[in-house]
Structure formats: structure tokens, C-alpha cells
Amino acid sequence: MRTNITQEEIESYQDNGFLVLRDFLEGDELEKMRSAVTKSVDKMGKSKVTTVDGGIDKDNIQEGEDFYDNVFLQRLNLWRINAFIKDFFTNPKLGKMLCDLAGVDGMRIWHDQTLQKRPWGNPTGWHLDNPYWSFYSFNSLSIWIALDDATIENGCMWYLPRTHKSAKHETNVAISQNVGALITSNPEWTKLEAVPAPMKAGDCGIHNGMTAHGANANMTPGWRRAMTCAFMPDGEVFNGHRNILPKEYFETLKEGDVLNNDDINPLVYERERV
Ligand SMILES: O=C(O)CCC(=O)C(=O)O
Ligand SMILES: [Fe+2]
């Protein structure tokens, strides 16, 4: 993976709240990532998420029938059942790049997820990510790797530049049929111009967990597949929401506890303290 970024790219990420990196995957990484994702999705069947011990959560399934199911096929925490994906997202080179972008001293995996828009799949309504998670931060981020060319036609990502600077955790919305609900609840963003981010397979986008983003419907007969991973700065604290935390772990937590369990949220990179 190509993790050498320039000071200009760091500044652009911090100013806009997102950054696109061309040719992020190198050599045979695209083929390997596609194959790792396909194998993991096949293994999981209809189950949406893996368990801490590397099994499959049979109580959390996606049937593919309602509106949300047709926004994307969604499978989470593949790193627990696939060594290539685990090695990829826990690579310290990646961790360091993400720390440099976010301006923090350490990063942990929050969760990975493959998001695959089916042929003719529904749009992804505008939303923020971090308010869904079990910690509130202005420095979390996600990497979104295109496994197929992502185009205007098949539902590439769109970002609303600089919204991470004024976004509030309280005014987020669920991803629903109402594509613009986030803008209705943040009327100060009404006049902003969204930026589409078409990508070649192997390119990636990185966005702050407080940057507004969404995607159009897939108007093509082909799939638009992505592999993504969300990262939590080291030292963040529990906000009371379970989100994807395993039930047993969730029940041990109280608000304000540091989320530093290495089995659940592996530490990817930590700057040396001097
Ligand atoms: O793939 C999509 O359509 C949406 C992706 C997204 O919301 C994310 O990666 O946070
Ligand atoms: Fe998102």
C-alpha cells in the first residue's frame, strides 16, 4: 500500500475533511483484497458481523429485503476471520499515515466493513459516521478502498467539504430513504456544493468521521464494491452506545472508560513518546 503522503495532502485532508489517494493499493494487493473480501463474505452468509472468537454472529443477519439492505450489502469485522485483512488494517505504516492525517498520536481499529452496492442498489443518504459509534471524537476517520471502479453512474462517494468543522454529534440522522435528511437537520449546509469522488479500483478515499458524505444509487448492472475500515484515535472514551461492541464487553463498561481493549480494538500505531 502506498502510505507516503505529502504535507500538502495532510493540509488538504485537515481543511476539507477528506482526501482521495490514487493507486493506494500496489502490486497484487487489489487482487488479494478482492479475494479476501469475497471469501469472508461467502463464509459469513447472511450474518452481518463476526464474533470476537472468530465465529459468525447468527443473531445479526441481513436479509436483503428492505430499503437499507439494498443501500449496500454490509459485512463487518472481516479482520477477525481473514489474516490478509487483519494484516492490512493493522499495518503500522497505514497507522502512521492515518495518525499524520488526523493529527493524533495513536490509532485503533474501530471496525472494518465491506460495503457493496448491488446492481440498481439504493443511494446512501447523507450522514456522519462518528455519532453512530461508541465514542465521540472529532478526529476519527475511515478509509474507503474501491474494489471496483467507483463512478458517478454506479454510486461513488460524495463528500461535503469542510462540514467536519461545524458538524455536531446531536444532529446526525440514520441512513434512510430521505437522502437529504442530514441537510434538513443542519440547515447551515444547504448551500454547500458536494464533491463527487470517482475512483479507480485500488484508489481510496479517507474521510473524517464528522464529514458529511453519501453516495448515489447504482444505475448500472454491475456491483460497486468497497472495503472500508474505521479508526478510533487511541485514548477515546466510551459514550454509552453499544454500536458494534460485543455484549459481554459492553456490559463491563461505564461512560468515560477508555476504549483500550486490544482484542476488540487493536492498536495499529502509537507514536513513540520522547
Ligand atoms: O459506500 C457507501 O455507499 C457509503 C460509505 C460510507 O458511508 C462510509 O464508508 O462511511
Ligand atoms: Fe459513512
# chains A, B, ... in the order shown; residues from 1 in each chain; ligands from 1
$ residues_around --residues "Lys48 in chain A" --least-positions-apart "4" --cutoff "9 Å" --atoms "only C-alpha atoms" --output "VMD selection string"
chain A and resid 44 56 to 62 73 to 77
$ residues_near_ligand --ligand "ligand 1" --cutoff "7 Å" --atoms "only C-alpha atoms and all ligand atoms" --output "number ranges by chain"
A: 72, 115-117, 124, 129, 142, 144, 155, 157, 213-215, 226, 228
$ write_last_selection --atoms "N, CA and C atoms" --output "PDB file, in the first residue's frame"
ATOM      1  N   PHE A  72     -26.638  -1.137   0.599  1.00  0.00           N
ATOM      2  CA  PHE A  72     -25.457  -1.962   0.339  1.00  0.00           C
ATOM      3  C   PHE A  72     -25.541  -3.272   1.096  1.00  0.00           C
ATOM      4  N   LEU A 115     -18.721  -2.630   1.980  1.00  0.00           N
ATOM      5  CA  LEU A 115     -19.993  -2.012   1.594  1.00  0.00           C
ATOM      6  C   LEU A 115     -20.127  -2.193   0.086  1.00  0.00           C
ATOM      7  N   GLN A 116     -21.091  -2.995  -0.310  1.00  0.00           N
ATOM      8  CA  GLN A 116     -21.194  -3.387  -1.713  1.00  0.00           C
ATOM      9  C   GLN A 116     -22.569  -3.025  -2.256  1.00  0.00           C
ATOM     10  N   LYS A 117     -22.559  -2.032  -3.131  1.00  0.00           N
ATOM     11  CA  LYS A 117     -23.824  -1.628  -3.753  1.00  0.00           C
ATOM     12  C   LYS A 117     -24.138  -2.609  -4.878  1.00  0.00           C
ATOM     13  N   THR A 124     -26.971   5.957  -0.775  1.00  0.00           N
ATOM     14  CA  THR A 124     -26.566   6.051   0.635  1.00  0.00           C
ATOM     15  C   THR A 124     -26.859   7.475   1.083  1.00  0.00           C
ATOM     16  N   ASP A 129     -20.421   9.568  10.342  1.00  0.00           N
ATOM     17  CA  ASP A 129     -20.167   8.232  10.894  1.00  0.00           C
ATOM     18  C   ASP A 129     -20.002   8.233  12.417  1.00  0.00           C
ATOM     19  N   SER A 142     -12.264   7.197   8.479  1.00  0.00           N
ATOM     20  CA  SER A 142     -12.467   5.934   7.764  1.00  0.00           C
ATOM     21  C   SER A 142     -11.710   5.966   6.462  1.00  0.00           C
ATOM     22  N   TRP A 144     -11.824   4.231   2.720  1.00  0.00           N
ATOM     23  CA  TRP A 144     -12.797   3.598   1.817  1.00  0.00           C
ATOM     24  C   TRP A 144     -12.036   3.208   0.568  1.00  0.00           C
ATOM     25  N   GLY A 155     -22.491   4.889  -8.228  1.00  0.00           N
ATOM     26  CA  GLY A 155     -22.630   5.242  -6.810  1.00  0.00           C
ATOM     27  C   GLY A 155     -21.320   5.464  -6.095  1.00  0.00           C
ATOM     28  N   MET A 157     -18.537   7.677  -3.910  1.00  0.00           N
ATOM     29  CA  MET A 157     -18.732   8.510  -2.722  1.00  0.00           C
ATOM     30  C   MET A 157     -18.844   9.990  -3.118  1.00  0.00           C
ATOM     31  N   HIS A 213     -21.103  12.756   4.227  1.00  0.00           N
ATOM     32  CA  HIS A 213     -20.841  12.026   2.982  1.00  0.00           C
ATOM     33  C   HIS A 213     -22.033  11.149   2.643  1.00  0.00           C
ATOM     34  N   GLY A 214     -22.093  10.738   1.382  1.00  0.00           N
ATOM     35  CA  GLY A 214     -23.175   9.875   0.928  1.00  0.00           C
ATOM     36  C   GLY A 214     -22.796   9.321  -0.433  1.00  0.00           C
ATOM     37  N   ALA A 215     -23.719   8.612  -1.061  1.00  0.00           N
ATOM     38  CA  ALA A 215     -23.461   8.056  -2.396  1.00  0.00           C
ATOM     39  C   ALA A 215     -24.789   7.952  -3.141  1.00  0.00           C
ATOM     40  N   ALA A 226     -16.767  -1.903  -2.117  1.00  0.00           N
ATOM     41  CA  ALA A 226     -15.706  -1.187  -1.404  1.00  0.00           C
ATOM     42  C   ALA A 226     -15.326  -1.971  -0.165  1.00  0.00           C
ATOM     43  N   THR A 228     -13.783  -1.046   3.553  1.00  0.00           N
ATOM     44  CA  THR A 228     -13.542   0.144   4.357  1.00  0.00           C
ATOM     45  C   THR A 228     -13.078  -0.249   5.754  1.00  0.00           C
TER      46      THR A 228
END
$ residues_near_ligand --ligand "ligand 2" --cutoff "12 Å" --atoms "only C-alpha atoms and all ligand atoms" --output "PyMOL selection string"
chain A and resi 71-72+74+112-115+124-133+140-144+157-159+172-175+205-215+226+228-230
$ residues_around --residues "Asp148 in chain A" --least-positions-apart "6" --cutoff "8 Å" --atoms "only C-alpha atoms" --output "list of chain:residue names"
A:Lys200, A:Ala201, A:Gly202, A:Trp223, A:Arg224, A:Arg225, A:Ala226
$ closest_residue --among "A:Met232, A:Met33, A:Leu19, A:Ile244" --to "Lys86 in chain A" --atoms "only C-alpha atoms"
A:Met33
$ closest_atom_pairs --of "range 20-131 of chain A" --to "range 250-272 of chain A" --cutoff "12 Å" --atoms "only C-alpha atoms" --output "tab-separated table"
residue	atom	partner	partner_atom	distance
A:Thr50	CA	A:Ile264	CA	11.5
A:Thr51	CA	A:Ile264	CA	9.8
A:Val52	CA	A:Ile264	CA	7.0
A:Asp53	CA	A:Asp263	CA	9.5
A:Gly54	CA	A:Asp263	CA	11.1
A:Asn77	CA	A:Ile264	CA	10.0
A:Trp79	CA	A:Pro266	CA	10.4
A:Arg80	CA	A:Ile264	CA	9.6
A:Lys86	CA	A:Pro266	CA	9.7
A:Asp87	CA	A:Val268	CA	9.9
A:Phe88	CA	A:Val268	CA	10.1
A:Phe89	CA	A:Val268	CA	7.6
A:Thr90	CA	A:Val268	CA	4.7
A:Asn91	CA	A:Val268	CA	6.5
A:Pro92	CA	A:Tyr269	CA	5.1
A:Lys93	CA	A:Tyr269	CA	8.0
A:Leu94	CA	A:Val268	CA	8.0
A:Gly95	CA	A:Tyr269	CA	4.9
A:Lys96	CA	A:Tyr269	CA	6.1
A:Met97	CA	A:Tyr269	CA	9.4
A:Leu98	CA	A:Tyr269	CA	9.0
A:Cys99	CA	A:Tyr269	CA	7.9
A:Asp100	CA	A:Arg271	CA	10.1
A:Gly103	CA	A:Arg271	CA	11.1
A:Val104	CA	A:Arg271	CA	8.8
A:Asp105	CA	A:Arg271	CA	5.3
A:Gly106	CA	A:Glu270	CA	4.1
A:Met107	CA	A:Tyr269	CA	5.6
A:Arg108	CA	A:Leu267	CA	4.3
A:Ile109	CA	A:Asn265	CA	5.1
A:Trp110	CA	A:Asn265	CA	5.8
A:His111	CA	A:Asn265	CA	7.8
A:Asp112	CA	A:Asn265	CA	10.7
$ write_last_selection --atoms "N, CA and C atoms" --output "mmCIF file, in the first residue's frame"
data_model
loop_
_atom_site.group_PDB
_atom_site.id
_atom_site.type_symbol
_atom_site.label_atom_id
_atom_site.label_comp_id
_atom_site.auth_asym_id
_atom_site.auth_seq_id
_atom_site.Cartn_x
_atom_site.Cartn_y
_atom_site.Cartn_z
ATOM 1 N N THR A 50 -18.808 -10.598 12.473
ATOM 2 C CA THR A 50 -18.091 -11.727 13.078
ATOM 3 C C THR A 50 -18.094 -11.562 14.598
ATOM 4 N N THR A 51 -17.733 -12.620 15.304
ATOM 5 C CA THR A 51 -17.646 -12.538 16.768
ATOM 6 C C THR A 51 -16.174 -12.444 17.181
ATOM 7 N N VAL A 52 -15.950 -12.083 18.455
ATOM 8 C CA VAL A 52 -14.582 -11.857 18.934
ATOM 9 C C VAL A 52 -13.717 -13.101 18.763
ATOM 10 N N ASP A 53 -14.313 -14.283 18.921
ATOM 11 C CA ASP A 53 -13.528 -15.514 18.825
ATOM 12 C C ASP A 53 -13.399 -16.008 17.374
ATOM 13 N N GLY A 54 -13.729 -15.156 16.407
ATOM 14 C CA GLY A 54 -13.545 -15.540 15.002
ATOM 15 C C GLY A 54 -14.687 -16.373 14.449
ATOM 16 N N ASN A 77 -16.259 -6.368 10.370
ATOM 17 C CA ASN A 77 -15.173 -7.004 11.122
ATOM 18 C C ASN A 77 -14.686 -8.304 10.489
ATOM 19 N N TRP A 79 -11.742 -8.568 9.595
ATOM 20 C CA TRP A 79 -10.365 -8.758 10.085
ATOM 21 C C TRP A 79 -10.285 -9.915 11.075
ATOM 22 N N ARG A 80 -11.412 -10.246 11.682
ATOM 23 C CA ARG A 80 -11.368 -11.329 12.674
ATOM 24 C C ARG A 80 -11.360 -12.720 12.040
ATOM 25 N N LYS A 86 -6.663 -8.549 8.276
ATOM 26 C CA LYS A 86 -6.125 -8.139 9.587
ATOM 27 C C LYS A 86 -4.737 -7.516 9.420
ATOM 28 N N ASP A 87 -3.861 -8.184 8.672
ATOM 29 C CA ASP A 87 -2.503 -7.653 8.482
ATOM 30 C C ASP A 87 -2.544 -6.301 7.773
ATOM 31 N N PHE A 88 -3.465 -6.177 6.822
ATOM 32 C CA PHE A 88 -3.548 -4.938 6.056
ATOM 33 C C PHE A 88 -3.935 -3.760 6.950
ATOM 34 N N PHE A 89 -5.006 -3.939 7.734
ATOM 35 C CA PHE A 89 -5.503 -2.796 8.516
ATOM 36 C C PHE A 89 -4.750 -2.577 9.828
ATOM 37 N N THR A 90 -3.912 -3.549 10.218
ATOM 38 C CA THR A 90 -3.089 -3.313 11.420
ATOM 39 C C THR A 90 -1.644 -2.983 11.039
ATOM 40 N N ASN A 91 -1.401 -2.728 9.756
ATOM 41 C CA ASN A 91 -0.052 -2.376 9.309
ATOM 42 C C ASN A 91 0.342 -1.012 9.905
ATOM 43 N N PRO A 92 1.444 -0.959 10.674
ATOM 44 C CA PRO A 92 1.839 0.311 11.308
ATOM 45 C C PRO A 92 2.095 1.435 10.308
ATOM 46 N N LYS A 93 2.500 1.074 9.081
ATOM 47 C CA LYS A 93 2.693 2.126 8.057
ATOM 48 C C LYS A 93 1.378 2.843 7.761
ATOM 49 N N LEU A 94 0.307 2.044 7.697
ATOM 50 C CA LEU A 94 -1.021 2.630 7.487
ATOM 51 C C LEU A 94 -1.405 3.464 8.716
ATOM 52 N N GLY A 95 -1.164 2.876 9.902
ATOM 53 C CA GLY A 95 -1.495 3.578 11.153
ATOM 54 C C GLY A 95 -0.798 4.924 11.245
ATOM 55 N N LYS A 96 0.479 4.944 10.851
ATOM 56 C CA LYS A 96 1.223 6.215 10.950
ATOM 57 C C LYS A 96 0.645 7.251 9.993
ATOM 58 N N MET A 97 0.328 6.817 8.769
ATOM 59 C CA MET A 97 -0.252 7.760 7.805
ATOM 60 C C MET A 97 -1.561 8.336 8.353
ATOM 61 N N LEU A 98 -2.385 7.459 8.947
ATOM 62 C CA LEU A 98 -3.684 7.920 9.457
ATOM 63 C C LEU A 98 -3.493 8.871 10.644
ATOM 64 N N CYS A 99 -2.491 8.584 11.497
ATOM 65 C CA CYS A 99 -2.191 9.492 12.617
ATOM 66 C C CYS A 99 -1.721 10.846 12.097
ATOM 67 N N ASP A 100 -0.878 10.819 11.053
ATOM 68 C CA ASP A 100 -0.396 12.085 10.480
ATOM 69 C C ASP A 100 -1.567 12.894 9.915
ATOM 70 N N GLY A 103 -3.768 13.989 12.896
ATOM 71 C CA GLY A 103 -3.067 14.799 13.899
ATOM 72 C C GLY A 103 -3.200 14.222 15.297
ATOM 73 N N VAL A 104 -3.120 12.884 15.401
ATOM 74 C CA VAL A 104 -3.207 12.236 16.722
ATOM 75 C C VAL A 104 -1.993 11.318 16.907
ATOM 76 N N ASP A 105 -1.827 10.799 18.129
ATOM 77 C CA ASP A 105 -0.612 10.032 18.456
ATOM 78 C C ASP A 105 -0.782 8.525 18.375
ATOM 79 N N GLY A 106 -2.010 8.049 18.186
ATOM 80 C CA GLY A 106 -2.207 6.604 18.093
ATOM 81 C C GLY A 106 -3.554 6.310 17.453
ATOM 82 N N MET A 107 -3.658 5.141 16.819
ATOM 83 C CA MET A 107 -4.924 4.750 16.173
ATOM 84 C C MET A 107 -5.239 3.294 16.475
ATOM 85 N N ARG A 108 -6.513 3.023 16.706
ATOM 86 C CA ARG A 108 -7.018 1.656 16.867
ATOM 87 C C ARG A 108 -8.066 1.392 15.791
ATOM 88 N N ILE A 109 -8.224 0.115 15.441
ATOM 89 C CA ILE A 109 -9.337 -0.248 14.559
ATOM 90 C C ILE A 109 -10.630 -0.034 15.336
ATOM 91 N N TRP A 110 -11.609 0.665 14.720
ATOM 92 C CA TRP A 110 -12.950 0.663 15.316
ATOM 93 C C TRP A 110 -13.695 -0.544 14.738
ATOM 94 N N HIS A 111 -14.025 -0.488 13.462
ATOM 95 C CA HIS A 111 -14.480 -1.703 12.798
ATOM 96 C C HIS A 111 -14.163 -1.577 11.313
ATOM 97 N N ASP A 112 -13.985 -2.719 10.666
ATOM 98 C CA ASP A 112 -13.908 -2.670 9.210
ATOM 99 C C ASP A 112 -15.293 -3.012 8.681
#
$ residues_around --residues "Tyr13 in chain A" --least-positions-apart "4" --cutoff "10 Å" --atoms "only C-alpha atoms" --output "PyMOL selection string"
chain A and resi 7-9+17-20+101-102+161-162+206-208
$ atom_distance --atom1 "CA of Glu31 in chain A" --atom2 "CA of Cys156 in chain A"
20.1 Å
$ select_by_dssp --residues "range 117-256 of chain A" --states "strand (DSSP E)" --output "PyMOL selection string"
chain A and resi 117+124-127+141-146+157-159+195-197+204-208+213-215+224-233
$ decode --residues "range 199-257 of chain A" --atoms "C-alpha atoms" --output "short mmCIF file (atom, residue, chain, number, x, y, z; two decimals), in the first residue's frame"
data_model
loop_
_atom_site.label_atom_id
_atom_site.label_comp_id
_atom_site.auth_asym_id
_atom_site.auth_seq_id
_atom_site.Cartn_x
_atom_site.Cartn_y
_atom_site.Cartn_z
CA MET A 199 -12.15 6.25 -8.06
CA LYS A 200 -10.40 3.53 -9.99
CA ALA A 201 -10.31 0.15 -8.29
CA GLY A 202 -7.37 0.35 -5.89
CA ASP A 203 -7.75 4.08 -5.16
CA CYS A 204 -9.03 5.09 -1.73
CA GLY A 205 -10.79 7.94 -0.01
CA ILE A 206 -10.19 8.89 3.62
CA HIS A 207 -12.81 10.92 5.48
CA ASN A 208 -13.13 12.33 8.95
CA GLY A 209 -15.90 10.64 10.98
CA MET A 210 -17.60 14.06 11.22
CA THR A 211 -17.50 14.87 7.48
CA ALA A 212 -20.88 14.62 5.75
CA HIS A 213 -20.84 12.03 2.98
CA GLY A 214 -23.18 9.88 0.93
CA ALA A 215 -23.46 8.06 -2.40
CA ASN A 216 -25.90 7.94 -5.29
CA ALA A 217 -27.90 4.95 -6.39
CA ASN A 218 -26.19 2.34 -8.54
CA MET A 219 -27.65 2.93 -12.02
CA THR A 220 -25.67 0.10 -13.62
CA PRO A 221 -25.98 -3.67 -13.92
CA GLY A 222 -22.60 -4.18 -12.15
CA TRP A 223 -21.59 -4.21 -8.48
CA ARG A 224 -19.86 -1.28 -6.78
CA ARG A 225 -17.79 -2.94 -4.06
CA ALA A 226 -15.71 -1.19 -1.40
CA MET A 227 -13.63 -2.36 1.55
CA THR A 228 -13.54 0.14 4.36
CA CYS A 229 -12.11 0.45 7.84
CA ALA A 230 -12.96 2.95 10.56
CA PHE A 231 -10.29 4.01 13.04
CA MET A 232 -10.53 5.41 16.58
CA PRO A 233 -7.77 7.64 17.98
CA ASP A 234 -6.09 5.94 20.95
CA GLY A 235 -7.40 7.19 24.29
CA GLU A 236 -11.04 7.81 23.29
CA VAL A 237 -13.70 7.08 25.92
CA PHE A 238 -16.98 5.17 25.98
CA ASN A 239 -20.10 7.29 25.38
CA GLY A 240 -22.74 4.75 26.44
CA HIS A 241 -23.70 3.48 22.95
CA ARG A 242 -23.17 -0.19 22.20
CA ASN A 243 -22.88 0.17 18.40
CA ILE A 244 -20.76 -2.85 17.45
CA LEU A 245 -19.21 -3.67 20.84
CA PRO A 246 -19.62 -7.30 21.94
CA LYS A 247 -22.39 -7.55 24.55
CA GLU A 248 -20.15 -9.02 27.28
CA TYR A 249 -17.58 -6.24 26.89
CA PHE A 250 -20.27 -3.54 26.61
CA GLU A 251 -21.74 -4.69 29.93
CA THR A 252 -18.41 -4.13 31.71
CA LEU A 253 -18.12 -0.50 30.50
CA LYS A 254 -19.29 2.71 32.08
CA GLU A 255 -19.36 6.09 30.39
CA GLY A 256 -15.91 7.68 30.39
CA ASP A 257 -13.98 4.39 30.38
#
